[in-house]
Amino acid sequence: MARLFRESRRDSSHSSSSNGFLPPAAASHSSSALPSPFPELGVALSAADLREAAYEVLVAASRTTGGKPLTYIPQSGAGAGATASPASSASSASSASLQRSLTSAAASKMKKALGLRSSASTKGVGSPGSGGKAAPPRRPATVGELMRVQMRVSEPADARIRRGLLRIAASQLGRRAENMVLPLEFLQQFKASDIPDPQEYEAWRSRNLKLLEAGLLVHPFVPLNKSDSSAQRLRQIIRGAHDRPLETGKNSESMQSLRTSVMSLAGRSHDGTSDGCHWADGFPLNLHLYQMLVEACFDNEEGTVVDEIDEVMELLKKTWVILGINEMLHNLCFTWALFNHFVMSGQVDIELLSAAENQLAEVAKDAKTTKDPNYCKVLSSTLSSIMGWTEKRLLAYHETFNTSNIESMQGIVSIGVSAAKVLVEDISHEYRRRRKEETDVARSRVETYIRSSLRTAFAQRMEEADSKRSSRNPTPVLSILAKDIGDLAMKEKNLYSPILKTWHPLASGVAVATLHSCYGNELKQFVAGLTELTPDTVQVLKSADKLEKDLVNIAVEDSVDSDDGGKSLIREMPPYEAENAIANLTWNPGANRENFAPSSVEMLRVIGETLDAFFELPIPMHPALLPDLTAGLDRSLQLYVSKAKSGCGTRNSFMPQLPPLTRCEVGSKLLFKKKEKPQNLQVRVSQNGATNGNDPLGLPQLCVRLNTLQYIRGELENLEKKIKTCLRNVESAQADITDGLDIKFELCQAACQEGIQQICETTAYKVTFYDLGHVLWDTLYVGDTTSNRVEVLLRELDPVLETISGTVHNKVRNRAITALMKATFDGFLLVLLAGGPLRAFTRQDSQIIEDDFRALRYLYLADGDGLPEELVDKASSQVKNVLPLFRADSESLIERFKRMMVESNRSASKNRLPLPPTTGHWSPNEPNTVLRVLCYRSDETATKFLKKTYNLPKKI
């Protein structure tokens, strides 16, 4: 407290400020204070005005609670180089409260409760020239002197206040301070001659009038009636004092009028009884005054809580009766003061933050026990201010906290979350109505902090990554970003998440899920704009793949003990599918004019360079080593070809599962009502041509795979020629050196041949049974044979043929179209023999079916510009052989079926026929084929036979 005595010495030399208050300490706090959370007063009262008024209330309240009369003893002694003023000397006794001696022998109970250490033992250092010995500071002798210095009240001002209170006490013997209007009493006790400085006197008089205005007119304890005559008269007196200064210190007519109106207003109460003077207990004037008193709990220079906090608090409580303060309001004001001083400390005094957190716990308890509207309003304003400050830092905590100040993060999160919980759970009416939903306010707020902070940090890393890329560092921006985000995720996991886990058990998981989403959005835009596979593209996608694995590992590790095992977090992290992106680009038809994969060009280039390097070796044994080299290269090429065809599937991958056999319902061609239409017949969107985007199994992409294999086949011949030429050049002395050498790429050649055949079939059956499945299964001959004919299928096939013709290499184009033709004939026949119960054919329909079959053949013949007629005839022979069965009558079909069953099965008889197996090899001489024609025959003979022989149902 050495500083306090330095200020006392300044006081005694009369360097006081206006209104008798000392200027703020020279050493200011490192950060500015937060704006007050209390509502504006609406009256021009400065902080100094409020401090002086608060000090007057303090002294008045203290003197009425003591057992001795009020006197004043100045505290500056000879050691301070000051002499008591005449006014001070006139006072000879002291109040028991204000003049109680201070002692630092025992540790402060309140500091211990708040988690604060005593600082008395650490204050005071040796002065220059003292030989390094610390001179113990002289402490204030009384709590009164401590409060005077803390509230920056000069000794002359303090003496005047006490002298005025003595005069008031003498004129109103036995009257307690809470029954007096102090500004009014001071105006009546002091005249201009009592304050020699005219400016200081005018400021003093103006302050007291403003206090009356604020306490009785602007913020009255009991709301005013607009027609209240006392209020109107007081307004006139205060306004008139600006033009004609009020003469104080006399029992004049103007002072009597002022007293009458003031006492009339101050004496009002809610219940009509006059139980006190309500001039300073209306919101928010009382809070502003009390906050000035609370500020005395903090050292003016260092901002720390004074060691004498117990005595100071005991003194402050004496003002409650005048200011209308209770313990709940005190807790709220003190919490705000603790937090505000932590902010002013530059966020370095962690003890203040911890004390504010402990005090806020008391506020939270209070909030649950009251519904007082005034308290709730102030509570909401105060906590909103605290929460606003904390969230400004927590919503971007990567910018706010680092290893040097991470210690404060725990307390800041705690106090921010606690404030949010009180605001939501105890003030929000909406929350009370929806309390059953059990909203976890703390977890929700912390999750918001995490996501917001990580998004902000991600945006900063984006800018940094962009600035790192230069001519010297050609690494793609997204590759740089991927590494930076990986580092950011590790920092989050190691530095911040351990703190945030207190409120959110999946803090790390939420963080990496947020980063995964942010990077994923950038990657998605990057991939959407790609048209070819380049080294930069591959680097970005590989970096993305590594980042994703790292982020997912952190999420899994963080959520291993969670209720759902982390499933919710993993669902929030859809795969980047970098490998698929590479595959999509590999088979992108727009990658080059020849429509084959750029990767195959790169692969063959590497093989060519390998051969060049081999023949440049200065060795005499090239012929001996060459077979091993070509065999290795052949296996490498074979592996590439295997990758090219892998994942495409086979023809059987797209063949539909046949429905169970049924018999027709004879009588109506409309085989179903709307409400009975099967729900599993869903229309698929056609995926031919360019409508399928970057689907790696889309028609254009499959065509590119075909071209790639054909390109490799052609290049293999060039490689073989190159090897022979190089070998002759290095072995020029032996002209026939290549004779007998096996330098063929047989494995790759065979793989290409097999791959082309497989991809042709896969493409054909995927187009027919998957891409055009909506035509075959949902349209062709459904319900009415005459209405849903083959034209719709032909329309869908036309763009498919155009895509194949325009994309596929001419050496494999006919193979691809031939495969498609076979698949469409198979699909057409499958509709006739296994199309499900929505189809039925009469003998008369056979002509329609044959006409449709001819139209399908003509599509591939294309008036002589398509496939050779003998090739079309061969592919359509199976359909051509089966169609006559649809012209035959049901009786002959039944007899034919029985005969074939007896001939093929020794245990069968015409009266007892087993159900023939489905082989899929449709033929007029195959029992299952004939049986299926009967199943779809719409006449009574067929349906009776099927009912009697196999008891087949009419519906699935």
# chains A, B, ... in the order shown; residues from 1 in each chain; ligands from 1
$ residues_around --residues "region 450-463 of chain A" --least-positions-apart "2" --cutoff "8 Å" --atoms "only C-alpha atoms" --output "PDB file with C-alpha atoms, in the first residue's frame"
ATOM      1  CA  LEU A 394     -13.568 -17.986 -28.177  1.00  0.00           C
ATOM      2  CA  LEU A 395     -15.210 -17.859 -31.596  1.00  0.00           C
ATOM      3  CA  ALA A 396     -11.672 -17.434 -32.930  1.00  0.00           C
ATOM      4  CA  TYR A 397      -9.629 -18.923 -30.103  1.00  0.00           C
ATOM      5  CA  HIS A 398      -6.761 -19.840 -32.422  1.00  0.00           C
ATOM      6  CA  GLU A 399      -6.126 -16.109 -32.803  1.00  0.00           C
ATOM      7  CA  VAL A 446     -18.361 -25.079 -26.924  1.00  0.00           C
ATOM      8  CA  GLU A 447     -19.206 -26.838 -30.175  1.00  0.00           C
ATOM      9  CA  THR A 448     -20.034 -23.435 -31.652  1.00  0.00           C
ATOM     10  CA  ALA A 465      -0.982 -21.377 -48.416  1.00  0.00           C
ATOM     11  CA  ASP A 466      -1.709 -19.104 -51.357  1.00  0.00           C
ATOM     12  CA  SER A 467       1.112 -16.760 -50.342  1.00  0.00           C
ATOM     13  CA  LEU A 481      -3.042 -26.312 -47.460  1.00  0.00           C
ATOM     14  CA  ASP A 484      -1.052 -26.880 -42.933  1.00  0.00           C
ATOM     15  CA  ILE A 485      -4.461 -28.255 -41.986  1.00  0.00           C
ATOM     16  CA  ALA A 507     -13.882 -31.741 -28.847  1.00  0.00           C
ATOM     17  CA  VAL A 510     -15.782 -31.930 -33.797  1.00  0.00           C
ATOM     18  CA  ALA A 511     -12.669 -29.934 -34.689  1.00  0.00           C
ATOM     19  CA  THR A 514     -15.050 -29.144 -39.228  1.00  0.00           C
ATOM     20  CA  LEU A 515     -11.626 -29.080 -40.889  1.00  0.00           C
ATOM     21  CA  CYS A 518     -13.776 -26.980 -44.937  1.00  0.00           C
TER      22      CYS A 518
END
$ residues_around --residues "Leu34 (chain A)" --least-positions-apart "4" --cutoff "12 Å" --atoms "only C-alpha atoms" --output "list in words"
Phe38, Trp336, Ala337, Leu338, Phe339, Asn340, His341, Phe342, Val343, Met344, Ser345, Gly346, Thr382, Ser385, Ile386, Met387, Gly388, Trp389 and Thr390 of chain A
$ residues_around --residues "region 806-814 of chain A" --least-positions-apart "4" --cutoff "8 Å" --atoms "only C-alpha atoms" --output "list in words"
Pro589, Asn595, Pro700, Cys703, Val704, Leu706, Asn707, Gln710, Glu802, Thr818 and Leu867 of chain A
$ residues_around --residues "Ser418 (chain A)" --least-positions-apart "2" --cutoff "12 Å" --atoms "only C-alpha atoms" --output "JSON list (two decimals) with N, CA and C atoms, in the first residue's frame"
[["chain", "number", "residue", "atom", "x", "y", "z"],
["A", 356, "ALA", "N", -13.61, -14.40, -10.46],
["A", 356, "ALA", "CA", -14.85, -14.07, -11.15],
["A", 356, "ALA", "C", -15.65, -15.33, -11.45],
["A", 357, "GLU", "N", -14.95, -16.40, -11.81],
["A", 357, "GLU", "CA", -15.62, -17.67, -12.08],
["A", 357, "GLU", "C", -16.31, -18.20, -10.82],
["A", 358, "ASN", "N", -15.61, -18.13, -9.67],
["A", 358, "ASN", "CA", -16.20, -18.59, -8.41],
["A", 358, "ASN", "C", -17.38, -17.73, -8.00],
["A", 359, "GLN", "N", -17.25, -16.43, -8.20],
["A", 359, "GLN", "CA", -18.34, -15.53, -7.84],
["A", 359, "GLN", "C", -19.54, -15.71, -8.77],
["A", 360, "LEU", "N", -19.28, -16.02, -10.03],
["A", 360, "LEU", "CA", -20.36, -16.26, -10.98],
["A", 360, "LEU", "C", -21.18, -17.49, -10.59],
["A", 361, "ALA", "N", -20.53, -18.44, -9.93],
["A", 361, "ALA", "CA", -21.26, -19.61, -9.44],
["A", 361, "ALA", "C", -22.32, -19.20, -8.44],
["A", 362, "GLU", "N", -22.01, -18.17, -7.62],
["A", 362, "GLU", "CA", -23.00, -17.66, -6.66],
["A", 362, "GLU", "C", -24.13, -16.95, -7.39],
["A", 363, "VAL", "N", -23.78, -16.23, -8.46],
["A", 363, "VAL", "CA", -24.80, -15.55, -9.26],
["A", 363, "VAL", "C", -25.74, -16.58, -9.89],
["A", 364, "ALA", "N", -25.18, -17.68, -10.36],
["A", 364, "ALA", "CA", -26.00, -18.73, -10.97],
["A", 364, "ALA", "C", -27.00, -19.29, -9.97],
["A", 365, "LYS", "N", -26.57, -19.44, -8.72],
["A", 365, "LYS", "CA", -27.49, -19.91, -7.68],
["A", 365, "LYS", "C", -28.59, -18.88, -7.43],
["A", 367, "ALA", "N", -29.77, -16.70, -9.50],
["A", 367, "ALA", "CA", -30.67, -16.58, -10.65],
["A", 367, "ALA", "C", -31.79, -17.61, -10.61],
["A", 383, "LEU", "N", -24.48, -10.40, -17.83],
["A", 383, "LEU", "CA", -23.97, -11.67, -18.37],
["A", 383, "LEU", "C", -23.81, -11.60, -19.88],
["A", 384, "SER", "N", -24.68, -10.85, -20.54],
["A", 384, "SER", "CA", -24.53, -10.70, -22.00],
["A", 384, "SER", "C", -23.23, -9.98, -22.33],
["A", 386, "ILE", "N", -20.47, -10.00, -20.43],
["A", 386, "ILE", "CA", -19.39, -10.96, -20.17],
["A", 386, "ILE", "C", -19.31, -11.98, -21.29],
["A", 387, "MET", "N", -20.46, -12.50, -21.66],
["A", 387, "MET", "CA", -20.51, -13.53, -22.71],
["A", 387, "MET", "C", -20.05, -12.94, -24.05],
["A", 390, "THR", "N", -16.22, -12.81, -23.96],
["A", 390, "THR", "CA", -15.60, -14.13, -24.05],
["A", 390, "THR", "C", -15.80, -14.73, -25.44],
["A", 411, "GLY", "N", -10.35, -20.74, -17.89],
["A", 411, "GLY", "CA", -11.23, -19.86, -17.12],
["A", 411, "GLY", "C", -12.16, -19.05, -18.01],
["A", 412, "ILE", "N", -11.65, -18.60, -19.16],
["A", 412, "ILE", "CA", -12.48, -17.80, -20.05],
["A", 412, "ILE", "C", -13.61, -18.64, -20.63],
["A", 413, "VAL", "N", -13.29, -19.88, -21.03],
["A", 413, "VAL", "CA", -14.35, -20.78, -21.52],
["A", 413, "VAL", "C", -15.36, -21.03, -20.41],
["A", 414, "SER", "N", -14.86, -21.29, -19.21],
["A", 414, "SER", "CA", -15.74, -21.61, -18.09],
["A", 414, "SER", "C", -16.70, -20.47, -17.78],
["A", 415, "ILE", "N", -16.17, -19.25, -17.73],
["A", 415, "ILE", "CA", -17.03, -18.12, -17.37],
["A", 415, "ILE", "C", -17.98, -17.78, -18.51],
["A", 416, "GLY", "N", -17.52, -17.96, -19.76],
["A", 416, "GLY", "CA", -18.42, -17.73, -20.90],
["A", 416, "GLY", "C", -19.55, -18.73, -20.95],
["A", 420, "ALA", "N", -23.59, -18.19, -20.34],
["A", 420, "ALA", "CA", -24.56, -18.66, -21.34],
["A", 420, "ALA", "C", -25.62, -19.55, -20.69],
["A", 421, "LYS", "N", -25.20, -20.41, -19.78],
["A", 421, "LYS", "CA", -26.14, -21.32, -19.11],
["A", 421, "LYS", "C", -27.18, -20.54, -18.32],
["A", 422, "VAL", "N", -26.72, -19.52, -17.59],
["A", 422, "VAL", "CA", -27.67, -18.71, -16.80],
["A", 422, "VAL", "C", -28.62, -17.98, -17.74],
["A", 423, "LEU", "N", -28.08, -17.39, -18.81],
["A", 423, "LEU", "CA", -28.93, -16.65, -19.75],
["A", 423, "LEU", "C", -29.98, -17.55, -20.38],
["A", 424, "VAL", "N", -29.59, -18.77, -20.73],
["A", 424, "VAL", "CA", -30.51, -19.67, -21.42],
["A", 424, "VAL", "C", -31.44, -20.37, -20.45],
["A", 425, "GLU", "N", -30.88, -20.92, -19.38],
["A", 425, "GLU", "CA", -31.67, -21.78, -18.50],
["A", 425, "GLU", "C", -32.51, -21.01, -17.50],
["A", 426, "ASP", "N", -32.03, -19.84, -17.05],
["A", 426, "ASP", "CA", -32.73, -19.14, -15.98],
["A", 426, "ASP", "C", -33.42, -17.85, -16.41],
["A", 440, "ASP", "N", -28.25, -29.25, -23.85],
["A", 440, "ASP", "CA", -26.96, -29.14, -23.17],
["A", 440, "ASP", "C", -26.32, -27.83, -23.63],
["A", 441, "VAL", "N", -26.56, -26.78, -22.85],
["A", 441, "VAL", "CA", -26.10, -25.45, -23.24],
["A", 441, "VAL", "C", -24.58, -25.40, -23.34],
["A", 442, "ALA", "N", -23.89, -25.96, -22.36],
["A", 442, "ALA", "CA", -22.43, -25.90, -22.34],
["A", 442, "ALA", "C", -21.84, -26.59, -23.57],
["A", 443, "ARG", "N", -22.32, -27.79, -23.84],
["A", 443, "ARG", "CA", -21.79, -28.54, -24.98],
["A", 443, "ARG", "C", -22.09, -27.82, -26.30],
["A", 445, "ARG", "N", -22.55, -24.54, -26.76],
["A", 445, "ARG", "CA", -21.74, -23.34, -26.93],
["A", 445, "ARG", "C", -20.31, -23.70, -27.31],
["A", 446, "VAL", "N", -19.75, -24.70, -26.63],
["A", 446, "VAL", "CA", -18.36, -25.08, -26.92],
["A", 446, "VAL", "C", -18.24, -25.61, -28.35],
["A", 503, "TRP", "N", -16.10, -29.61, -21.34],
["A", 503, "TRP", "CA", -17.50, -29.32, -21.66],
["A", 503, "TRP", "C", -18.00, -30.11, -22.86]]
$ closest_residue --among "A:Ser805, A:Asn584, A:Ser381, A:Gln758" --to "Ala819 (chain A)" --atoms "only C-alpha atoms"
A:Gln758
$ residues_around --residues "region 780-795 of chain A" --least-positions-apart "6" --cutoff "9 Å" --atoms "only C-alpha atoms" --output "ChimeraX atom specification"
/A:669-672,772,828,831-832,835,838-841,845,848-849,852-853,855-856,859
$ atom_distance --atom1 "CA of Glu891 (chain A)" --atom2 "CA of Tyr936 (chain A)"
14.3 Å
